[in-house]
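Novice: Input file: protein.csv. Contents: CSV, C-alpha atoms.
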chain,number,residue,atom,x,y,z
A,1,MET,CA,9.6,44.9,-87.2
A,2,GLU,CA,7.1,45.1,-90.0
A,3,GLU,CA,9.3,43.0,-92.3
A,4,GLY,CA,9.6,40.4,-89.5
A,5,SER,CA,5.8,40.3,-89.2
A,6,VAL,CA,5.4,39.8,-92.9
A,7,PHE,CA,8.0,37.0,-92.9
A,8,ARG,CA,6.2,35.3,-90.0
A,9,SER,CA,2.9,35.5,-91.8
A,10,VAL,CA,4.3,34.1,-95.0
A,11,LEU,CA,6.0,31.3,-93.1
A,12,ALA,CA,2.8,30.5,-91.2
A,13,ILE,CA,0.8,30.4,-94.4
A,14,LEU,CA,3.3,28.2,-96.2
A,15,GLN,CA,3.5,25.6,-93.4
A,16,TRP,CA,-0.3,25.6,-93.1
A,17,TRP,CA,-0.5,24.9,-96.9
A,18,GLY,CA,2.2,22.2,-96.6
A,19,PHE,CA,0.5,20.3,-93.8
A,20,ASN,CA,-3.0,20.6,-95.3
A,21,VAL,CA,-2.0,19.6,-98.9
A,22,THR,CA,0.1,16.7,-97.6
A,23,VAL,CA,-2.7,15.3,-95.4
A,24,ILE,CA,-5.1,15.5,-98.3
A,25,ILE,CA,-2.7,13.8,-100.7
A,26,MET,CA,-1.7,11.1,-98.2
A,27,ASN,CA,-5.4,10.3,-97.5
A,28,LYS,CA,-6.1,10.0,-101.2
A,29,TRP,CA,-2.9,7.9,-101.7
A,30,ILE,CA,-4.1,5.6,-98.9
A,31,PHE,CA,-7.4,5.0,-100.6
A,32,GLN,CA,-6.2,4.8,-104.2
A,33,LYS,CA,-2.6,3.6,-104.2
A,34,LEU,CA,-2.5,1.5,-101.1
A,35,ASP,CA,-6.0,0.1,-101.8
A,36,PHE,CA,-6.9,0.7,-98.1
A,37,LYS,CA,-10.5,1.4,-98.8
A,38,PHE,CA,-11.6,1.8,-95.2
A,39,PRO,CA,-12.5,5.4,-94.5
A,40,LEU,CA,-13.9,4.7,-91.0
A,41,SER,CA,-10.7,3.1,-89.9
A,42,VAL,CA,-8.5,5.9,-91.4
A,43,SER,CA,-10.7,8.5,-89.6
A,44,CYS,CA,-10.4,6.5,-86.3
A,45,VAL,CA,-6.6,6.4,-86.7
A,46,HIS,CA,-6.5,10.1,-87.1
A,47,PHE,CA,-8.7,10.6,-84.1
A,48,ILE,CA,-6.4,8.5,-82.0
A,49,CYS,CA,-3.3,10.3,-83.2
A,50,SER,CA,-4.9,13.7,-82.5
A,51,SER,CA,-6.0,12.6,-79.0
A,52,ILE,CA,-2.5,11.6,-78.1
A,53,GLY,CA,-1.0,14.7,-79.8
A,54,ALA,CA,-3.3,17.1,-78.0
A,55,TYR,CA,-2.5,15.5,-74.7
A,56,ILE,CA,1.2,15.8,-75.2
A,57,VAL,CA,1.0,19.5,-76.2
A,58,ILE,CA,-1.3,20.5,-73.3
A,59,LYS,CA,-0.3,18.1,-70.5
A,60,VAL,CA,3.3,17.1,-71.2
A,61,LEU,CA,4.9,20.0,-73.1
A,62,LYS,CA,2.5,22.6,-71.7
A,63,LEU,CA,2.6,24.6,-74.9
A,64,LYS,CA,-1.1,25.5,-74.5
A,65,PRO,CA,-3.0,26.1,-71.3
A,66,LEU,CA,-5.9,23.6,-70.7
A,67,ILE,CA,-9.4,25.1,-70.9
A,68,VAL,CA,-11.2,23.4,-68.0
A,69,VAL,CA,-14.6,22.0,-68.8
A,70,GLU,CA,-16.9,20.5,-66.2
A,71,ALA,CA,-17.7,16.8,-66.5
A,72,GLU,CA,-21.4,17.5,-66.9
A,73,ASP,CA,-20.7,20.0,-69.7
A,74,ARG,CA,-18.4,17.5,-71.5
A,75,TRP,CA,-21.3,15.1,-72.0
A,76,ARG,CA,-24.0,17.8,-72.4
A,77,ARG,CA,-22.1,20.1,-74.7
A,78,ILE,CA,-18.9,18.5,-76.0
A,79,PHE,CA,-20.3,15.1,-76.8
A,80,PRO,CA,-23.0,16.3,-79.3
A,81,MET,CA,-20.4,18.5,-81.0
A,82,SER,CA,-18.0,15.5,-81.2
A,83,PHE,CA,-20.7,13.5,-82.8
A,84,VAL,CA,-21.2,16.0,-85.6
A,85,PHE,CA,-17.5,16.5,-85.8
A,86,CYS,CA,-17.0,12.8,-86.3
A,87,ILE,CA,-19.6,12.7,-89.1
A,88,ASN,CA,-17.9,15.6,-90.8
A,89,ILE,CA,-14.5,13.9,-90.9
A,90,VAL,CA,-15.8,10.5,-91.9
A,91,LEU,CA,-17.8,12.0,-94.8
A,92,GLY,CA,-14.7,13.9,-95.9
A,93,ASN,CA,-12.7,10.7,-96.1
A,94,VAL,CA,-15.5,8.8,-97.8
A,95,SER,CA,-15.7,11.5,-100.5
A,96,LEU,CA,-11.9,11.2,-101.0
A,97,ARG,CA,-12.3,7.6,-101.7
A,98,TYR,CA,-14.8,8.1,-104.6
A,99,ILE,CA,-14.1,11.5,-106.1
A,100,PRO,CA,-10.9,13.4,-107.1
A,101,VAL,CA,-9.2,15.7,-104.7
A,102,SER,CA,-9.9,18.7,-107.0
A,103,PHE,CA,-13.6,18.1,-107.0
A,104,MET,CA,-13.8,17.4,-103.3
A,105,GLN,CA,-11.8,20.6,-102.4
A,106,THR,CA,-14.0,22.7,-104.7
A,107,ILE,CA,-17.1,21.4,-102.9
A,108,LYS,CA,-15.7,22.0,-99.5
A,109,SER,CA,-14.5,25.5,-100.4
A,110,PHE,CA,-18.0,26.9,-100.4
A,111,THR,CA,-18.9,25.4,-97.0
A,112,PRO,CA,-18.3,28.6,-94.8
A,113,ALA,CA,-20.3,30.7,-97.2
A,114,THR,CA,-23.3,29.0,-98.8
A,115,THR,CA,-24.3,26.4,-96.3
A,116,ALA,CA,-23.5,28.5,-93.2
A,117,VAL,CA,-25.6,31.4,-94.5
A,118,VAL,CA,-28.5,29.3,-95.7
A,119,LEU,CA,-28.6,27.2,-92.6
A,120,GLN,CA,-28.5,30.2,-90.3
A,121,TRP,CA,-31.3,31.8,-92.3
A,122,LEU,CA,-33.4,28.6,-92.2
A,123,VAL,CA,-32.8,27.5,-88.7
A,124,TRP,CA,-32.1,30.7,-86.7
A,125,ARG,CA,-34.0,33.1,-89.0
A,126,LYS,CA,-31.0,35.4,-89.2
A,127,TYR,CA,-31.2,38.3,-91.5
A,128,PHE,CA,-28.4,38.9,-94.0
A,129,GLU,CA,-27.8,41.9,-96.1
A,130,TRP,CA,-28.3,41.6,-99.9
A,131,ARG,CA,-24.6,41.9,-100.4
A,132,ILE,CA,-24.0,38.7,-98.6
A,133,TRP,CA,-26.6,36.9,-100.7
A,134,ALA,CA,-25.2,38.5,-103.9
A,135,SER,CA,-21.7,37.2,-103.0
A,136,LEU,CA,-23.0,33.6,-102.9
A,137,VAL,CA,-24.1,33.7,-106.6
A,138,PRO,CA,-20.6,33.1,-108.1
A,139,ILE,CA,-20.0,30.4,-105.5
A,140,VAL,CA,-23.1,28.4,-106.3
A,141,GLY,CA,-22.6,29.0,-110.0
A,142,GLY,CA,-19.1,27.8,-109.9
A,143,ILE,CA,-20.1,24.6,-108.0
A,144,LEU,CA,-22.8,23.8,-110.5
A,145,LEU,CA,-20.4,24.3,-113.4
A,146,THR,CA,-17.8,22.1,-111.7
A,147,SER,CA,-20.2,19.4,-110.9
A,148,VAL,CA,-21.8,19.3,-114.4
A,149,THR,CA,-18.4,19.2,-116.2
A,150,GLU,CA,-16.6,16.8,-113.7
A,151,LEU,CA,-15.2,13.9,-115.8
A,152,SER,CA,-14.8,11.6,-112.7
A,153,PHE,CA,-18.2,12.4,-111.2
A,154,ASN,CA,-19.5,9.9,-108.6
A,155,MET,CA,-22.8,10.6,-107.0
A,156,PHE,CA,-22.0,8.8,-103.8
A,157,GLY,CA,-18.8,10.7,-103.4
A,158,PHE,CA,-20.5,14.0,-104.3
A,159,CYS,CA,-23.2,13.4,-101.7
A,160,ALA,CA,-20.6,12.5,-99.1
A,161,ALA,CA,-18.7,15.7,-99.7
A,162,LEU,CA,-21.9,17.8,-99.8
A,163,PHE,CA,-23.3,16.3,-96.5
A,164,GLY,CA,-19.9,16.7,-95.0
A,165,CYS,CA,-20.2,20.5,-95.8
A,166,LEU,CA,-23.6,20.5,-94.1
A,167,ALA,CA,-22.1,18.8,-91.1
A,168,THR,CA,-19.4,21.4,-90.9
A,169,SER,CA,-21.9,24.2,-90.9
A,170,THR,CA,-24.1,22.4,-88.4
A,171,LYS,CA,-21.1,22.1,-86.1
A,172,THR,CA,-20.4,25.8,-86.4
A,173,ILE,CA,-24.1,26.7,-85.6
A,174,LEU,CA,-24.2,24.3,-82.7
A,175,ALA,CA,-21.0,25.7,-81.3
A,176,GLU,CA,-22.8,29.1,-80.8
A,177,SER,CA,-25.3,27.6,-78.4
A,178,LEU,CA,-23.7,24.5,-76.9
A,179,LEU,CA,-20.3,26.0,-76.2
A,180,HIS,CA,-21.4,29.5,-75.1
A,181,GLY,CA,-19.0,30.7,-72.5
A,182,TYR,CA,-16.0,28.6,-73.6
A,183,LYS,CA,-13.3,30.1,-75.9
A,184,PHE,CA,-11.7,27.0,-77.5
A,185,ASP,CA,-8.6,27.2,-79.6
A,186,SER,CA,-7.9,24.4,-82.2
A,187,ILE,CA,-5.7,22.4,-79.8
A,188,ASN,CA,-8.2,22.4,-76.9
A,189,THR,CA,-10.9,21.6,-79.3
A,190,VAL,CA,-9.0,18.5,-80.4
A,191,TYR,CA,-8.1,17.6,-76.8
A,192,TYR,CA,-11.8,17.3,-75.8
A,193,MET,CA,-13.4,16.1,-79.1
A,194,ALA,CA,-11.0,13.6,-80.5
A,195,PRO,CA,-11.4,11.1,-77.6
A,196,PHE,CA,-15.2,11.3,-77.9
A,197,ALA,CA,-14.9,10.9,-81.7
A,198,THR,CA,-12.7,7.8,-81.2
A,199,MET,CA,-15.2,6.3,-78.9
A,200,ILE,CA,-18.1,7.0,-81.2
A,201,LEU,CA,-16.3,5.6,-84.3
A,202,GLY,CA,-14.3,2.7,-82.9
A,203,ILE,CA,-17.0,0.1,-82.7
A,204,PRO,CA,-18.6,0.9,-86.1
A,205,ALA,CA,-15.2,0.8,-87.7
A,206,LEU,CA,-14.4,-2.6,-86.2
A,207,LEU,CA,-17.8,-4.1,-87.1
A,208,LEU,CA,-18.0,-2.8,-90.6
A,209,GLU,CA,-14.4,-2.8,-91.7
A,210,GLY,CA,-12.6,-5.3,-89.4
A,211,ASN,CA,-12.9,-8.3,-91.7
A,212,GLY,CA,-12.0,-6.3,-94.8
A,213,ILE,CA,-8.9,-4.9,-93.0
A,214,MET,CA,-7.8,-8.5,-92.1
A,215,SER,CA,-8.2,-9.6,-95.7
A,216,TRP,CA,-6.3,-6.5,-96.9
A,217,PHE,CA,-3.5,-7.2,-94.4
A,218,GLU,CA,-3.1,-10.8,-95.7
A,219,SER,CA,-3.2,-9.9,-99.4
A,220,HIS,CA,-1.1,-6.7,-99.4
A,221,GLN,CA,2.5,-7.0,-100.4
A,222,SER,CA,4.0,-4.7,-97.8
A,223,PRO,CA,1.3,-4.1,-95.1
A,224,TRP,CA,3.7,-2.8,-92.5
A,225,SER,CA,5.1,0.0,-94.6
A,226,ALA,CA,1.5,0.8,-95.6
A,227,LEU,CA,0.5,1.0,-92.0
A,228,ILE,CA,3.4,3.4,-91.3
A,229,ILE,CA,2.0,5.7,-94.0
A,230,ILE,CA,-1.5,5.5,-92.5
A,231,PHE,CA,-0.4,6.4,-89.0
A,232,SER,CA,1.9,9.1,-90.4
A,233,SER,CA,-1.1,10.7,-92.0
A,234,GLY,CA,-2.7,10.8,-88.5
A,235,VAL,CA,0.3,12.5,-87.0
A,236,LEU,CA,0.4,15.0,-89.8
A,237,ALA,CA,-3.3,15.6,-89.3
A,238,PHE,CA,-2.7,16.7,-85.8
A,239,CYS,CA,0.2,18.9,-86.9
A,240,LEU,CA,-2.2,20.5,-89.2
A,241,ASN,CA,-4.3,21.6,-86.2
A,242,PHE,CA,-1.3,23.1,-84.6
A,243,SER,CA,-0.4,24.9,-87.9
A,244,ILE,CA,-3.9,26.4,-88.0
A,245,PHE,CA,-3.4,27.8,-84.5
A,246,TYR,CA,-0.2,29.4,-85.6
A,247,VAL,CA,-1.5,30.9,-88.8
A,248,ILE,CA,-4.6,32.4,-87.0
A,249,HIS,CA,-2.3,34.4,-84.8
A,250,SER,CA,0.1,35.5,-87.6
A,251,THR,CA,-2.3,36.8,-90.2
A,252,THR,CA,-5.2,39.2,-90.6
A,253,ALA,CA,-8.8,38.0,-91.3
A,254,VAL,CA,-8.6,39.1,-94.9
A,255,THR,CA,-5.2,37.4,-95.4
A,256,PHE,CA,-6.5,34.2,-93.8
A,257,ASN,CA,-9.5,34.2,-96.1
A,258,VAL,CA,-7.5,34.7,-99.3
A,259,ALA,CA,-4.8,32.2,-98.2
A,260,GLY,CA,-7.5,29.6,-97.5
A,261,ASN,CA,-8.9,29.8,-101.0
A,262,LEU,CA,-5.4,29.9,-102.6
A,263,LYS,CA,-4.7,26.7,-100.5
A,264,VAL,CA,-7.5,25.0,-102.2
A,265,ALA,CA,-6.0,25.9,-105.6
A,266,VAL,CA,-2.6,24.6,-104.5
A,267,ALA,CA,-4.2,21.3,-103.3
A,268,VAL,CA,-6.0,20.9,-106.6
A,269,LEU,CA,-2.8,21.6,-108.6
A,270,VAL,CA,-0.7,19.2,-106.5
A,271,SER,CA,-3.3,16.4,-106.6
A,272,TRP,CA,-3.6,16.7,-110.4
A,273,LEU,CA,0.2,16.5,-110.8
A,274,ILE,CA,0.3,13.3,-108.6
A,275,PHE,CA,-2.9,11.5,-109.6
A,276,ARG,CA,-3.4,12.9,-113.0
A,277,ASN,CA,-7.2,12.8,-112.7
A,278,PRO,CA,-8.8,14.2,-115.9
A,279,ILE,CA,-9.9,17.9,-115.6
A,280,SER,CA,-11.8,19.6,-118.5
A,281,TYR,CA,-11.3,23.2,-119.3
A,282,MET,CA,-14.8,24.1,-118.1
A,283,ASN,CA,-14.2,22.2,-114.9
A,284,ALA,CA,-11.2,24.2,-114.2
A,285,VAL,CA,-13.1,27.4,-114.9
A,286,GLY,CA,-15.9,26.3,-112.5
A,287,CYS,CA,-13.3,25.7,-109.8
A,288,GLY,CA,-11.8,29.1,-110.4
A,289,ILE,CA,-15.1,30.9,-110.2
A,290,THR,CA,-15.9,29.1,-106.9
A,291,LEU,CA,-12.6,30.2,-105.4
A,292,VAL,CA,-12.9,33.8,-106.5
A,293,GLY,CA,-16.5,33.8,-105.2
A,294,CYS,CA,-15.4,32.5,-101.8
A,295,THR,CA,-12.7,35.2,-101.6
A,296,PHE,CA,-15.3,37.9,-102.6
A,297,TYR,CA,-17.7,36.5,-99.9
A,298,GLY,CA,-14.9,36.8,-97.3
A,299,TYR,CA,-14.2,40.3,-98.4
A,300,VAL,CA,-17.8,41.3,-98.1
A,301,ARG,CA,-18.1,39.8,-94.6
A,302,HIS,CA,-15.0,41.7,-93.6
A,303,MET,CA,-16.2,45.0,-95.0
A,304,LEU,CA,-19.6,44.6,-93.2
A,305,SER,CA,-17.8,43.8,-90.0
A,306,GLN,CA,-16.1,47.1,-90.1
A,307,GLN,CA,-19.4,49.0,-90.3
A,308,THR,CA,-21.7,50.0,-87.4
A,309,PRO,CA,-24.9,48.0,-87.7
A,310,GLY,CA,-27.5,50.1,-89.4
A,311,THR,CA,-30.6,48.4,-88.2
A,312,PRO,CA,-31.5,46.1,-85.3
A,313,ARG,CA,-32.0,43.3,-87.8
A,314,THR,CA,-28.5,43.4,-89.1
A,315,PRO,CA,-26.6,40.4,-87.8
A,316,ARG,CA,-23.4,40.6,-86.0
A,317,THR,CA,-20.6,39.9,-88.4
A,318,PRO,CA,-17.2,38.5,-87.5
A,319,ARG,CA,-14.9,41.2,-86.0
A,320,ASN,CA,-11.7,39.3,-86.3
A,321,LYS,CA,-10.0,36.3,-87.8
A,322,MET,CA,-11.0,34.0,-84.9
A,323,GLU,CA,-14.7,34.6,-85.5
A,324,LEU,CA,-14.3,33.7,-89.2
A,325,LEU,CA,-13.3,30.2,-88.2
A,326,PRO,CA,-15.6,27.3,-87.3
A,327,LEU,CA,-15.0,25.7,-83.9
A,328,VAL,CA,-12.8,23.1,-85.6
A,329,ASN,CA,-11.4,24.3,-88.8
A,330,ASN,CA,-12.4,22.2,-91.9
A,331,ASP,CA,-9.0,21.7,-93.0
A,332,LYS,CA,-7.8,20.5,-89.9
A,333,LEU,CA,-9.2,17.6,-89.7
A,334,GLU,CA,-10.1,17.6,-93.2
A,335,GLY,CA,-9.6,14.3,-94.0
A,336,LYS,CA,-7.5,14.8,-91.6
A,337,VAL,CA,-8.1,14.3,-88.0
Once you've parsed the file, please lay out its structure as structure tokens.

Specialist:
Amino acid sequence: MEEGSVFRSVLAILQWWGFNVTVIIMNKWIFQKLDFKFPLSVSCVHFICSSIGAYIVIKVLKLKPLIVVEAEDRWRRIFPMSFVFCINIVLGNVSLRYIPVSFMQTIKSFTPATTAVVLQWLVWRKYFEWRIWASLVPIVGGILLTSVTELSFNMFGFCAALFGCLATSTKTILAESLLHGYKFDSINTVYYMAPFATMILGIPALLLEGNGIMSWFESHQSPWSALIIIFSSGVLAFCLNFSIFYVIHSTTAVTFNVAGNLKVAVAVLVSWLIFRNPISYMNAVGCGITLVGCTFYGYVRHMLSQQTPGTPRTPRTPRNKMELLPLVNNDKLEGKV
């Protein structure tokens, strides 16, 4: 039984890695190789595919029960979350257009730690033990080293990735207050948020990128095959959400944290093998330090979660793997929905 459990965990992690890395590489391929430089439209396609996919899973196949949300709460709670969610995905795709996958993934890897802790300290005045702050040192140091030594550095892409990280953390913080009382899984999250995100992004994408897409369509040698790739990336983005749900229920919190950071390393390696973007020795060292720091941060949070709070000021730390995740996992939709 234990061997079967280990096998399921390994299988869940591998398929999660597969979908995540494939979506990231496909998005980068769309921007770089297909010359489809329209991140708003790519994001909109992903939102549409995810809306349809979530509807099929919940309403048609009934693989997941629908979490009922009142109409008033949809606009008062879900819509603001969807707006931040939309910004997060768009900024992720914008960053992919301007900077290498390796650099973008390194920046995004420190989101759950640094930005989440700092934002909660600044906004909610939450108290964190010194061990939490100490665990952030290698993460920040690794990011600084990676940024300084990045051979393909682009300020606009860097800012897009960084603000995308802030949007991810903001979404997580808002979820604590706006979605209090609702226990969303990744599929129900997409079911409610993706249609709102499509509505929010549809008109801006049409106005800002419509003419460019028409010109691209007329000048591209094989536009229809390119469109198949673009829509396929949207389908795989939804599959990534489903894989996240599977891996959450098949692994422990520590395993999920380590696997998440190793996934970044896999994405960096695969992207380098495909796109051959230049990576210096110190850049690779900075990326490694960041990933090790993220793993250490997750370990510290897990160890603290096993202890009885020592003082009233000690914040509640995640007790299980579900609480370690944002409302919508970064990957998911990482470029992605």

Novice: One number please: CA of Phe242 (chain A) to CA of Phe19 (chain A), in Å, one decimal.

Specialist: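 Taking CA of Phe242 (chain A) and CA of Phe19 (chain A), their separation equals 9.8 Å.
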
Novice: So, counting all atoms listed in the file, which residue among A:Leu262, A:Val235, A:Asn188, A:Asn283 is closest to Met26 (chain A)?

Specialist: A:Val235

Novice: Taking into account all atoms listed in the file, which residue in the set A:Asn211, A:Asn154, A:Ser271, A:Thr251 is nearest to Ser5 (chain A)?

Specialist: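 Ranking A:Asn211, A:Asn154, A:Ser271, A:Thr251 by distance to Ser5 (chain A), first place goes to A:Thr251.
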
Novice: Taking only C-alpha atoms into account, which of A:Tyr299, A:Arg77, A:Leu166, A:Thr255 comes nearest Val118 (chain A)?

Specialist: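 Closest to Val118 (chain A), using only C-alpha atoms: A:Leu166.
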
Novice: Can you work out the spacing between CA of Leu144 (chain A) and CA of Leu273 (chain A) in Å, to one decimal?

Specialist: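 We find that CA of Leu144 (chain A) and CA of Leu273 (chain A) lie 24.1 Å from each other.
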
Novice: Per residue of region 131-212 of chain A within 12 Å of region 37-58 of chain A, which atom pair is closest and at what distance in Å (one decimal), using all atoms listed in the file, listed by chain and increasing number, as a tab-separated table?

Specialist:
residue	atom	partner	partner_atom	distance
A:Ala160	CA	A:Pro39	CA	11.7
A:Asp185	CA	A:Ala54	CA	11.5
A:Ser186	CA	A:Ala54	CA	9.6
A:Ile187	CA	A:Ala54	CA	6.1
A:Asn188	CA	A:Ala54	CA	7.3
A:Thr189	CA	A:Ala54	CA	8.9
A:Val190	CA	A:Ala54	CA	6.3
A:Tyr191	CA	A:Ala54	CA	5.0
A:Tyr192	CA	A:Ser51	CA	8.1
A:Met193	CA	A:Ser51	CA	8.2
A:Ala194	CA	A:Phe47	CA	5.2
A:Pro195	CA	A:Ser51	CA	5.8
A:Phe196	CA	A:Phe47	CA	9.0
A:Ala197	CA	A:Phe47	CA	6.7
A:Thr198	CA	A:Phe47	CA	5.7
A:Met199	CA	A:Cys44	CA	8.8
A:Ile200	CA	A:Cys44	CA	9.2
A:Leu201	CA	A:Cys44	CA	6.3
A:Gly202	CA	A:Cys44	CA	6.4
A:Ile203	CA	A:Cys44	CA	9.9
A:Pro204	CA	A:Leu40	CA	7.8
A:Ala205	CA	A:Leu40	CA	5.3
A:Leu206	CA	A:Ser41	CA	7.7
A:Leu207	CA	A:Leu40	CA	10.4
A:Leu208	CA	A:Leu40	CA	8.6
A:Glu209	CA	A:Phe38	CA	6.4
A:Gly210	CA	A:Ser41	CA	8.6
A:Asn211	CA	A:Phe38	CA	10.8
A:Gly212	CA	A:Phe38	CA	8.1

Novice: Calculated over all atoms listed in the file, which of the candidates A:Gly286, A:Pro65, A:Pro100, A:Pro223 has the smallest distance to Ile25 (chain A)?

Specialist: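 Among A:Gly286, A:Pro65, A:Pro100, A:Pro223, it is A:Pro100 that comes nearest to Ile25 (chain A).
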
Novice: Just checking: using only C-alpha atoms, which residue out of A:Ile24, A:Ile229, A:Met214, A:Val148 ends up closest to Met282 (chain A)?

Specialist: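 Selected residue with least distance to Met282 (chain A): A:Val148.
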
Novice: Could you tell me how far CA of Trp17 (chain A) sits from CA of Ala259 (chain A), in Å to one decimal place?

Specialist: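 Between CA of Ala259 (chain A) and CA of Trp17 (chain A) the gap is 8.6 Å.
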
Novice: Kindly indicate which residue among A:Met303, A:Leu291, A:Val285, A:Ile248 lies nearest to Leu145 (chain A), using only C-alpha atoms for the distances.

Specialist: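 Of A:Met303, A:Leu291, A:Val285, A:Ile248, the one nearest Leu145 (chain A), counting only C-alpha atoms, is A:Val285.
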
Novice: Per residue of region 182-300 of chain A within 8 Å of region 10-15 of chain A, which atom pair is closest and at what distance in Å (one decimal), using all atoms listed in the file, listed by chain and increasing number, as a Markdown table?

Specialist:
| residue | atom | partner | partner_atom | distance |
| --- | --- | --- | --- | --- |
| A:Ser243 | CA | A:Gln15 | CA | 6.8 |
| A:Tyr246 | CA | A:Ala12 | CA | 6.4 |
| A:Val247 | CA | A:Ala12 | CA | 4.9 |
| A:Ser250 | CA | A:Ala12 | CA | 6.7 |
| A:Ala259 | CA | A:Ile13 | CA | 7.0 |

Novice: Need the axis-aligned box for region 42-51 of chain A with 6 Å each side, so what are the centre and edges in Å to one decimal, as lines of an AutoDock Vina configuration file?

Specialist:
center_x = -7.0
center_y = 9.8
center_z = -85.2
size_x = 19.4
size_y = 19.8
size_z = 24.4

Novice: Which polymer residues, whether protein, DNA or RNA, lie within 10 Å of the coordinate (-14.5, 20.6, -115.5) when you count all atoms listed in the file? List them as a ChimeraX atom specification, using the chain letters and numbers from the file.

Specialist: /A:102-103,145-153,278-287

Novice: Complete the atoms of region 92-106 of chain A to N, CA, C and O atoms and put them out as a PDB file, keeping the file's coordinate frame.

Specialist:
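Saved the output as part24.pdb:
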ATOM      1  N   GLY A  92     -15.826  13.361 -95.117  1.00  0.00           N
ATOM      2  CA  GLY A  92     -14.700  13.900 -95.900  1.00  0.00           C
ATOM      3  C   GLY A  92     -13.835  12.801 -96.447  1.00  0.00           C
ATOM      4  O   GLY A  92     -13.433  12.815 -97.621  1.00  0.00           O
ATOM      5  N   ASN A  93     -13.524  11.817 -95.613  1.00  0.00           N
ATOM      6  CA  ASN A  93     -12.700  10.700 -96.100  1.00  0.00           C
ATOM      7  C   ASN A  93     -13.432   9.789 -97.036  1.00  0.00           C
ATOM      8  O   ASN A  93     -12.836   9.252 -97.975  1.00  0.00           O
ATOM      9  N   VAL A  94     -14.736   9.623 -96.820  1.00  0.00           N
ATOM     10  CA  VAL A  94     -15.500   8.800 -97.800  1.00  0.00           C
ATOM     11  C   VAL A  94     -15.526   9.469 -99.135  1.00  0.00           C
ATOM     12  O   VAL A  94     -15.357   8.799-100.164  1.00  0.00           O
ATOM     13  N   SER A  95     -15.681  10.790 -99.172  1.00  0.00           N
ATOM     14  CA  SER A  95     -15.700  11.500-100.500  1.00  0.00           C
ATOM     15  C   SER A  95     -14.347  11.366-101.161  1.00  0.00           C
ATOM     16  O   SER A  95     -14.285  11.241-102.389  1.00  0.00           O
ATOM     17  N   LEU A  96     -13.254  11.384-100.390  1.00  0.00           N
ATOM     18  CA  LEU A  96     -11.900  11.200-101.000  1.00  0.00           C
ATOM     19  C   LEU A  96     -11.748   9.877-101.646  1.00  0.00           C
ATOM     20  O   LEU A  96     -10.987   9.735-102.600  1.00  0.00           O
ATOM     21  N   ARG A  97     -12.447   8.879-101.146  1.00  0.00           N
ATOM     22  CA  ARG A  97     -12.300   7.600-101.700  1.00  0.00           C
ATOM     23  C   ARG A  97     -12.964   7.492-103.111  1.00  0.00           C
ATOM     24  O   ARG A  97     -12.498   6.759-103.993  1.00  0.00           O
ATOM     25  N   TYR A  98     -14.029   8.270-103.335  1.00  0.00           N
ATOM     26  CA  TYR A  98     -14.800   8.100-104.600  1.00  0.00           C
ATOM     27  C   TYR A  98     -14.642   9.217-105.586  1.00  0.00           C
ATOM     28  O   TYR A  98     -14.963   9.009-106.760  1.00  0.00           O
ATOM     29  N   ILE A  99     -14.202  10.409-105.172  1.00  0.00           N
ATOM     30  CA  ILE A  99     -14.100  11.500-106.100  1.00  0.00           C
ATOM     31  C   ILE A  99     -12.668  12.103-106.051  1.00  0.00           C
ATOM     32  O   ILE A  99     -11.978  11.962-105.037  1.00  0.00           O
ATOM     33  N   PRO A 100     -12.220  12.782-107.113  1.00  0.00           N
ATOM     34  CA  PRO A 100     -10.900  13.400-107.100  1.00  0.00           C
ATOM     35  C   PRO A 100     -10.728  14.460-106.060  1.00  0.00           C
ATOM     36  O   PRO A 100     -11.718  15.072-105.621  1.00  0.00           O
ATOM     37  N   VAL A 101      -9.488  14.703-105.651  1.00  0.00           N
ATOM     38  CA  VAL A 101      -9.200  15.700-104.700  1.00  0.00           C
ATOM     39  C   VAL A 101      -9.686  17.100-105.160  1.00  0.00           C
ATOM     40  O   VAL A 101     -10.242  17.891-104.393  1.00  0.00           O
ATOM     41  N   SER A 102      -9.477  17.371-106.449  1.00  0.00           N
ATOM     42  CA  SER A 102      -9.900  18.700-107.000  1.00  0.00           C
ATOM     43  C   SER A 102     -11.363  18.929-106.832  1.00  0.00           C
ATOM     44  O   SER A 102     -11.776  20.026-106.423  1.00  0.00           O
ATOM     45  N   PHE A 103     -12.178  17.923-107.117  1.00  0.00           N
ATOM     46  CA  PHE A 103     -13.600  18.100-107.000  1.00  0.00           C
ATOM     47  C   PHE A 103     -14.039  18.201-105.545  1.00  0.00           C
ATOM     48  O   PHE A 103     -14.876  19.047-105.180  1.00  0.00           O
ATOM     49  N   MET A 104     -13.461  17.365-104.691  1.00  0.00           N
ATOM     50  CA  MET A 104     -13.800  17.400-103.300  1.00  0.00           C
ATOM     51  C   MET A 104     -13.435  18.762-102.649  1.00  0.00           C
ATOM     52  O   MET A 104     -14.217  19.341-101.888  1.00  0.00           O
ATOM     53  N   GLN A 105     -12.256  19.282-102.970  1.00  0.00           N
ATOM     54  CA  GLN A 105     -11.800  20.600-102.400  1.00  0.00           C
ATOM     55  C   GLN A 105     -12.695  21.710-102.908  1.00  0.00           C
ATOM     56  O   GLN A 105     -12.974  22.647-102.158  1.00  0.00           O
ATOM     57  N   THR A 106     -13.123  21.641-104.155  1.00  0.00           N
ATOM     58  CA  THR A 106     -14.000  22.700-104.700  1.00  0.00           C
ATOM     59  C   THR A 106     -15.325  22.699-103.933  1.00  0.00           C
ATOM     60  O   THR A 106     -15.848  23.770-103.577  1.00  0.00           O
TER      61      THR A 106
END
